[in-house]
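Data block below; observations after.
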Amino acid sequence: MAEAADTPGTTPSPARRWLRRTGALLAGAPLLAGLLQLPTAGPAQAAGPEGAREASRSGPVAVSVDSLTPGAPSDGDTVTVSGTVTNKGKQAVTDAHVDLRVGSVLTTRSGIADVAKRADDLPGTDGTAVGGAYKASFDKLTPGVAEHFTISVPVDKLNLGGDGVYPLGVALSGETSAQPWDQVLGIQRTFLPWQADEADTTTRTTVLWPLISTVHMTAETGSNQQQTPVFLDDDLATEIAPGGRLDQLLALGKELDVTWVIDPDLLASVDAMAGGYRLRVDGDTTEPGTHQAVAQQWLAKLQDAVAGKEVVALPFADPDLASLAHNGTRVTGSLSQLKAATDVAATTVETVLHVTPSTDFAWPVQGAVDPSIVKVATSAGADKVIARSDSLQETGGLTYTPSAARPIGGGTTAVVADSKLSRAFEGDLTNASAATLAVQQFLAQSLALNLQTDKQRSVVVAPQRLLTAGQARAMAEAVSALQGSTWSQPQDLTATAKAKPDPDATTKVPARSAYPASLHKQELARTAFQETATTQERLDRFKVILSDQSRVVTPFGRAVNREMSTSWRGRPGAAGVFRQAVRGYLDTLAGRVRLIDKSPTKLSGRSATIPVTVQNNLVQGVDHLVLRLSSTNPTRLEISGKDYEEQPIAVSGGHSTTVKFTTSANANGQSTLVAQLYTQDGQAYGAPVTFDVKVTEITATVMLVIGGGVLLLVLAGFRMYTQRKRAAAREAEATPEDDGTEEAAAEEADEPADAARNPEGAEDRLPDGTTARPRAGGPQQPSDGRPDTAAENADPSGTGERVDR
């Protein structure tokens, strides 16, 4: 029998196991007596199968609790636990069974936290198994194979005592070939809150339901009348599409009595998407977005979900209050950005959701506060700051959790969220077991809080801003169970903030040194606020020249708000790229109103006009600009008799205008002129245009010489004209007879004209007074009808000809 029992791979009968254990105890009695005289041994020193069982808590079987319903049972309920067991060891487990073990009631909230963190190898506190048939059995658990189980137990069979929180262990017991006795090979611990009857004093619980996303919209808009917005990507469409993160948050929150905490930027972005949008693809390339219908449907569902509910609007784009307080207040204009973000919040929510939100609350990251954060948070009009109890900690030794509202001075109320309840849904809760454990721990903490005292209290649950879909599902399950429980009732945030504060609760805001270093590392740097201030300065210079400022001020103002968003925490690179893109696009628009470059100019004379052209490539017109033309050397070249001249400028969209300036030269040489646009308040706008002007001045003497030459030419031409006219008249008077006398008279009459036309053929007067009339080319014969050489043409010379006189 002993051989058979010790043979590996065989399963001993219960009788054999009893005989073996009895023999081991008898044989070890002397040794045990000796050990009792020694100091008490630890658990690892315990001998025999029982010691092995205790040490096997970290055994090879993983137990997961995928559901526990109801999470907060009442009289007459049946508790159903479902999950899986997975053999992760190398040996098969036989005679396996899952049972429930109820431990002793926990009386403190810290005790609950300790059990939740307990390692699986700590023995002795899991209680006894629920007897009877309330277990799930398996003949064999094969290594690597998960087996599902479900156990249903009437609540009266759990042997629960008074109201309180009970540890509930879901344990897998069985045998292996190496350890062939019944032992716990795996356990999962959770909690079972038990409140049999309605509590005499219920806790008024406010649950914040954050509807917040990251930055999605750019500052860029289309040139059309609708100003089609441009998005960084299509991630927002994925979030609001059916099954997306924001779609699930909306559907879950609609069924709960919660306070909606909404970032107006999310509403503005989805509303812009619903009207048509484009996506940034690469560089300057965009493409049409295709999810307008999804955006319209999501907004319609949100409007229905928040109807009649309390809505708290954060400042636009959810500015990072801690970063602003620690790094931004020394940068001029940073607090003004927070004020602008706060002012536009209510209008945005009312326009999109048709409800009036509360804008009295500021919510620093994770509720961590210090004096500078409180000061900044209330600078834009909020008089209530949502803090968290692990930041504004109790120092008065209270034995219970006080109400959330605390007056902290200056008319400001800190609404302190409970840290344990608020942080119950952190981490990866996509796994059903992790989500179930989070739900049960949340309910346990809530009940334990209510049982601390009979005082009426108001508490706040403020989870992380960007709840994942898994976290939201777990939280919704917990809140739903809580709102159906016997110890809690829902309450709006505004009512909680107005509740009577506990006089013994702490009201001292912790010092800056107490601010968590991990959060400080994620803050926006001072350089980020300086870049934002630079962008705002350029926007202020640009907007004053526009005929329709809203087309630029609105998209860029909201983009500047987005530069300070809490969503950039831990993403400094992406934040920097976004800031640079906003500033770059603004510079591009401002550069579309510019002066056209000019080439060097030459001036002849004492005065001239110089044209300067202003080009406007914007869609809208520009005005309130002044164009100044100035001379760098006014002693040589003046503008309208002075150093510079200014003229107002107004240019329609897509057009250019040319302005003329009168100049006067005082000396020859080269001068430099500078054209510069200015706004009406004297701020330089855009880059100047510099060009050279070469002056060639004409003196009075030169003008007289030129004038005299022109006069001589005119007189010579008039003389030739009169001579030709006289000659024509004489020829007309001549008779047809050709006798010698008449010919001689004609020759004498024509002699002066011929001499004028042909000097070479004129008479040669001899010294004795006689004349000789030789002809060119030889002696003149009586038979010659005309000279051998024709007379020169007396008409004026053509262009480019040389005239000899």
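Letters A, B, ... go to the chains of the structure tokens in the order shown; residues in each chain start at 1; ligands are counted from 1 in the same order.
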
Using DSSP on the backbone coordinates, identify all residues within range 285-485 of chain A classified as alpha helix (DSSP H); present the result as a PDB file with C-alpha atoms, in the first residue's frame.
```pdb
ATOM      1  CA  GLN A 292     -19.251  64.511 -40.838  1.00  0.00           C
ATOM      2  CA  ALA A 293     -22.208  62.200 -40.236  1.00  0.00           C
ATOM      3  CA  VAL A 294     -20.439  60.506 -37.312  1.00  0.00           C
ATOM      4  CA  ALA A 295     -19.811  63.892 -35.704  1.00  0.00           C
ATOM      5  CA  GLN A 296     -23.419  64.958 -36.170  1.00  0.00           C
ATOM      6  CA  GLN A 297     -24.723  61.754 -34.603  1.00  0.00           C
ATOM      7  CA  TRP A 298     -22.373  61.994 -31.621  1.00  0.00           C
ATOM      8  CA  LEU A 299     -23.370  65.578 -30.892  1.00  0.00           C
ATOM      9  CA  ALA A 300     -27.053  64.676 -31.079  1.00  0.00           C
ATOM     10  CA  LYS A 301     -26.548  61.840 -28.586  1.00  0.00           C
ATOM     11  CA  LEU A 302     -24.559  64.097 -26.265  1.00  0.00           C
ATOM     12  CA  GLN A 303     -27.246  66.766 -26.294  1.00  0.00           C
ATOM     13  CA  ASP A 304     -29.748  64.122 -25.254  1.00  0.00           C
ATOM     14  CA  ALA A 305     -27.442  62.664 -22.565  1.00  0.00           C
ATOM     15  CA  VAL A 306     -26.760  65.950 -20.747  1.00  0.00           C
ATOM     16  CA  LEU A 321      -2.994  75.213 -14.372  1.00  0.00           C
ATOM     17  CA  ALA A 322       0.034  73.775 -12.583  1.00  0.00           C
ATOM     18  CA  SER A 323       2.359  74.440 -15.541  1.00  0.00           C
ATOM     19  CA  SER A 334       0.013  83.989 -19.969  1.00  0.00           C
ATOM     20  CA  LEU A 335      -2.697  84.716 -17.417  1.00  0.00           C
ATOM     21  CA  SER A 336      -4.599  86.617 -20.081  1.00  0.00           C
ATOM     22  CA  GLN A 337      -4.749  83.421 -22.111  1.00  0.00           C
ATOM     23  CA  LEU A 338      -6.359  81.620 -19.172  1.00  0.00           C
ATOM     24  CA  LYS A 339      -8.925  84.417 -18.875  1.00  0.00           C
ATOM     25  CA  ALA A 340      -9.721  84.207 -22.589  1.00  0.00           C
ATOM     26  CA  ALA A 341     -10.087  80.420 -22.359  1.00  0.00           C
ATOM     27  CA  THR A 342     -12.480  80.807 -19.437  1.00  0.00           C
ATOM     28  CA  ASP A 343     -14.566  83.519 -21.100  1.00  0.00           C
ATOM     29  CA  VAL A 344     -15.224  81.480 -24.229  1.00  0.00           C
ATOM     30  CA  ALA A 345     -16.040  78.235 -22.361  1.00  0.00           C
ATOM     31  CA  ALA A 346     -19.652  78.952 -21.429  1.00  0.00           C
ATOM     32  CA  THR A 347     -20.503  80.350 -24.859  1.00  0.00           C
ATOM     33  CA  THR A 348     -19.130  77.265 -26.593  1.00  0.00           C
ATOM     34  CA  VAL A 349     -21.082  74.830 -24.414  1.00  0.00           C
ATOM     35  CA  GLU A 350     -24.313  76.800 -24.700  1.00  0.00           C
ATOM     36  CA  THR A 351     -23.984  77.050 -28.477  1.00  0.00           C
ATOM     37  CA  VAL A 352     -23.295  73.350 -29.043  1.00  0.00           C
ATOM     38  CA  LEU A 353     -25.227  71.606 -26.248  1.00  0.00           C
ATOM     39  CA  PRO A 371      -0.609  78.130  -3.129  1.00  0.00           C
ATOM     40  CA  SER A 372       0.547  79.212  -6.598  1.00  0.00           C
ATOM     41  CA  ILE A 373      -1.806  76.774  -8.330  1.00  0.00           C
ATOM     42  CA  VAL A 374      -4.758  77.960  -6.282  1.00  0.00           C
ATOM     43  CA  LYS A 375      -3.895  81.577  -7.065  1.00  0.00           C
ATOM     44  CA  VAL A 376      -3.697  80.947 -10.800  1.00  0.00           C
ATOM     45  CA  ALA A 377      -6.774  78.702 -10.834  1.00  0.00           C
ATOM     46  CA  SER A 419      -8.117  59.703  -3.365  1.00  0.00           C
ATOM     47  CA  LYS A 420      -8.907  55.995  -2.865  1.00  0.00           C
ATOM     48  CA  LEU A 421     -12.230  56.226  -4.669  1.00  0.00           C
ATOM     49  CA  SER A 422     -10.854  58.445  -7.440  1.00  0.00           C
ATOM     50  CA  ALA A 432     -12.270  41.391 -17.028  1.00  0.00           C
ATOM     51  CA  SER A 433     -10.611  40.186 -13.833  1.00  0.00           C
ATOM     52  CA  ALA A 434      -8.778  43.475 -13.282  1.00  0.00           C
ATOM     53  CA  ALA A 435     -11.982  45.416 -13.886  1.00  0.00           C
ATOM     54  CA  THR A 436     -13.962  43.264 -11.455  1.00  0.00           C
ATOM     55  CA  LEU A 437     -11.382  43.682  -8.716  1.00  0.00           C
ATOM     56  CA  ALA A 438     -11.410  47.471  -9.249  1.00  0.00           C
ATOM     57  CA  VAL A 439     -15.203  47.572  -8.978  1.00  0.00           C
ATOM     58  CA  GLN A 440     -15.282  45.559  -5.763  1.00  0.00           C
ATOM     59  CA  GLN A 441     -12.504  47.565  -4.164  1.00  0.00           C
ATOM     60  CA  PHE A 442     -14.334  50.808  -5.052  1.00  0.00           C
ATOM     61  CA  LEU A 443     -17.559  49.569  -3.474  1.00  0.00           C
ATOM     62  CA  ALA A 444     -15.691  48.323  -0.413  1.00  0.00           C
ATOM     63  CA  GLN A 445     -14.003  51.685   0.126  1.00  0.00           C
ATOM     64  CA  SER A 446     -17.293  53.514  -0.275  1.00  0.00           C
ATOM     65  CA  LEU A 447     -19.070  51.361   2.307  1.00  0.00           C
ATOM     66  CA  ALA A 448     -16.161  51.552   4.732  1.00  0.00           C
ATOM     67  CA  LEU A 449     -16.225  55.338   4.407  1.00  0.00           C
ATOM     68  CA  ASN A 450     -19.925  55.453   5.211  1.00  0.00           C
ATOM     69  CA  ALA A 469     -12.868  52.651 -22.661  1.00  0.00           C
ATOM     70  CA  GLY A 470     -11.974  49.828 -20.262  1.00  0.00           C
ATOM     71  CA  GLN A 471     -11.622  52.178 -17.324  1.00  0.00           C
ATOM     72  CA  ALA A 472     -14.917  53.859 -18.184  1.00  0.00           C
ATOM     73  CA  ARG A 473     -16.742  50.527 -18.339  1.00  0.00           C
ATOM     74  CA  ALA A 474     -15.401  49.451 -14.939  1.00  0.00           C
ATOM     75  CA  MET A 475     -16.204  52.812 -13.402  1.00  0.00           C
ATOM     76  CA  ALA A 476     -19.716  52.805 -14.846  1.00  0.00           C
ATOM     77  CA  GLU A 477     -20.323  49.351 -13.387  1.00  0.00           C
ATOM     78  CA  ALA A 478     -19.117  50.500  -9.974  1.00  0.00           C
ATOM     79  CA  VAL A 479     -21.090  53.748 -10.010  1.00  0.00           C
ATOM     80  CA  SER A 480     -24.220  51.913 -11.113  1.00  0.00           C
ATOM     81  CA  ALA A 481     -23.866  49.475  -8.198  1.00  0.00           C
ATOM     82  CA  LEU A 482     -23.132  52.331  -5.818  1.00  0.00           C
ATOM     83  CA  GLN A 483     -26.193  54.309  -6.872  1.00  0.00           C
TER      84      GLN A 483
END
```

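For Lys602 in chain A, the set of protein, DNA and RNA residues having any atom at most 8 Å away, when counting only C-alpha atoms and skipping those fewer than 4 positions along the same chain, is Val693, Lys694, Val695 and Thr696 of chain A.
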
Those in range 487-728 of chain A with strand (DSSP E or B) from DSSP, as a PyMOL selection string: chain A and resi 488-490+546+565+593-595+601-604+607-616+622-631+637-639+642+644-651+655-665+669-679+684-696

Mind checking which residues fall within 12 Å of Val281 in chain A, counting only C-alpha atoms, ignoring those fewer than 3 positions away in the same chain, and posting them as a VMD selection string? chain A and resid 230 to 234 278 284 to 289

Mind checking which residues fall within 9 Å of range 536-545 of chain A, counting only C-alpha atoms, ignoring those fewer than 3 positions away in the same chain, and posting them as a PyMOL selection string? chain A and resi 333+531-533+548-550+552-553+556-557+560+583+586-587+589-590+621-625+650+679-680+683-685

Residue nearest Gly397 in chain A among A:Asp504, A:His148, A:Asn431, A:Ser640 (counting only C-alpha atoms): A:Asp504

Distance query range 154-171 of chain A at most 7 Å, only C-alpha atoms, self and fewer than 2 positions along chain excluded, as a VMD selection string: chain A and resid 75 to 79 98 to 106 126 130 152 173 184 186 to 196 444 448

Compile the contact shell of Asp597 in chain A as a ChimeraX atom specification: residues with an atom at most 10 Å away, counting only C-alpha atoms, same-chain residues fewer than 3 positions apart removed. /A:594,612-614,675,688-691

Emit the selected residues as a short mmCIF file (atom, residue, chain, number, x, y, z; two decimals), in the first residue's frame, including C-alpha atoms.
```cif
data_model
loop_
_atom_site.label_atom_id
_atom_site.label_comp_id
_atom_site.auth_asym_id
_atom_site.auth_seq_id
_atom_site.Cartn_x
_atom_site.Cartn_y
_atom_site.Cartn_z
CA ARG A 594 3.57 92.92 -48.40
CA VAL A 612 5.49 101.84 -54.49
CA THR A 613 3.14 98.83 -54.75
CA VAL A 614 1.39 97.05 -51.86
CA ALA A 675 9.57 101.77 -48.00
CA PRO A 688 10.93 96.92 -45.48
CA VAL A 689 11.80 97.35 -49.14
CA THR A 690 15.05 99.22 -49.84
CA PHE A 691 16.04 100.47 -53.29
#
```

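Atom pair CA of Trp568 in chain A / CA of Thr214 in chain A: separated by 7.8 Å.
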